[in-house]
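Note: the block below is input.cif and it holds mmCIF, C-alpha atoms and all ligand atoms.
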data_my_file
#
loop_
_atom_site.group_PDB
_atom_site.id
_atom_site.type_symbol
_atom_site.label_atom_id
_atom_site.label_comp_id
_atom_site.auth_asym_id
_atom_site.auth_seq_id
_atom_site.Cartn_x
_atom_site.Cartn_y
_atom_site.Cartn_z
ATOM 1 C CA MET A 83 130.188 84.397 78.265
ATOM 2 C CA ILE A 84 133.256 82.352 79.096
ATOM 3 C CA ASP A 85 136.015 84.507 80.532
ATOM 4 C CA VAL A 86 139.469 83.099 79.809
ATOM 5 C CA GLU A 87 142.778 84.773 80.475
ATOM 6 C CA TYR A 88 144.933 85.494 77.476
ATOM 7 C CA ASP A 89 147.608 87.938 76.414
ATOM 8 C CA PRO A 90 145.716 90.955 75.043
ATOM 9 C CA ASN A 91 148.694 91.913 72.903
ATOM 10 C CA GLU A 92 148.822 88.592 71.111
ATOM 11 C CA GLU A 93 146.774 88.120 67.973
ATOM 12 C CA GLN A 94 144.191 85.411 68.218
ATOM 13 C CA ARG A 95 142.166 83.647 65.567
ATOM 14 C CA TYR A 96 138.459 84.398 65.614
ATOM 15 C CA GLU A 97 135.900 82.543 63.562
ATOM 16 C CA CYS A 98 132.534 83.999 62.697
ATOM 17 C CA PHE A 99 129.621 82.028 64.124
ATOM 18 C CA ASP A 100 127.478 82.838 61.132
ATOM 19 C CA CYS A 101 129.566 82.728 57.943
ATOM 20 C CA GLY A 102 132.812 81.112 59.126
ATOM 21 C CA THR A 103 135.096 84.019 58.217
ATOM 22 C CA ILE A 104 138.385 83.796 60.112
ATOM 23 C CA VAL A 105 140.093 86.960 61.331
ATOM 24 C CA ARG A 106 143.343 87.372 63.222
ATOM 25 C CA THR A 107 143.054 90.158 65.764
ATOM 26 C CA ALA A 108 144.365 91.085 69.191
ATOM 27 C CA ARG A 109 140.927 91.780 70.561
ATOM 28 C CA PRO A 110 137.427 90.400 70.179
ATOM 29 C CA THR A 111 135.514 91.959 67.326
ATOM 30 C CA VAL A 112 132.591 91.343 65.053
ATOM 31 C CA CYS A 113 132.701 89.726 61.627
ATOM 32 C CA PRO A 114 133.845 92.169 58.912
ATOM 33 C CA ASP A 115 131.586 90.417 56.425
ATOM 34 C CA CYS A 116 128.286 89.993 58.256
ATOM 35 C CA GLY A 117 128.680 91.719 61.623
ATOM 36 C CA SER A 118 127.958 88.596 63.647
ATOM 37 C CA GLU A 119 129.675 87.569 66.849
ATOM 38 C CA MET A 120 133.052 85.865 66.469
ATOM 39 C CA ARG A 121 134.468 82.962 68.445
ATOM 40 C CA ASN A 122 138.048 82.751 69.694
ATOM 41 C CA GLN A 123 139.448 79.588 68.137
ATOM 42 C CA ASN A 124 142.087 79.331 70.850
ATOM 43 C CA ILE A 125 139.339 78.480 73.321
ATOM 44 C CA PRO A 126 138.283 74.872 72.746
ATOM 45 C CA LEU A 127 134.594 74.162 72.587
ATOM 46 C CA GLU A 128 133.414 71.798 75.271
HETATM 47 ZN ZN ZN B 1 130.355 86.526 59.389
#
Structure translated into structure tokens:
Amino acid sequence: MIDVEYDPNEEQRYECFDCGTIVRTARPTVCPDCGSEMRNQNIPLE
């Protein structure tokens, strides 16, 4: 896992790896639709 500092009180956009659902939340979670891992969109893919 990539560990990046961010403000834990600030909502971030997370996109589901599996179905693409986007959720705004202040903490990492799992997809509400399919339960898959979600990716923080504020962290650019390299
Ligand atoms: Zn999903």
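If you look at atom CA of A:Glu128 and atom CA of A:Cys101, they are 20.8 Å away from each other.
If you measure from each of A:Asn124, A:Arg106, A:Val112, A:Ser118 to A:Glu93 using all atoms listed in the file, the closest one turns out to be A:Arg106.
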If you take every atom of stretch 118-124 of chain A that the file lists and fit an axis-aligned box around them with 3 Å extra on each side, what centre and edge lengths come out in Å to one decimal, as AutoDock Vina command-line options?
--center_x 135.0 --center_y 84.0 --center_z 67.2 --size_x 20.1 --size_y 15.3 --size_z 13.2
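Here, the PyMOL selection byres (((not hetatm)) within 6 of (chain B and resi 1)) matches Cys98, Asp100, Cys101, Gly102, Thr103, Cys113, Asp115, Cys116, Gly117 and Ser118 of chain A.
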Excluding A:Arg109 and its own-chain neighbours fewer than 3 positions away, which residues fall within 12 Å of it when counting only C-alpha atoms? Please give them as a count of residues only. 15
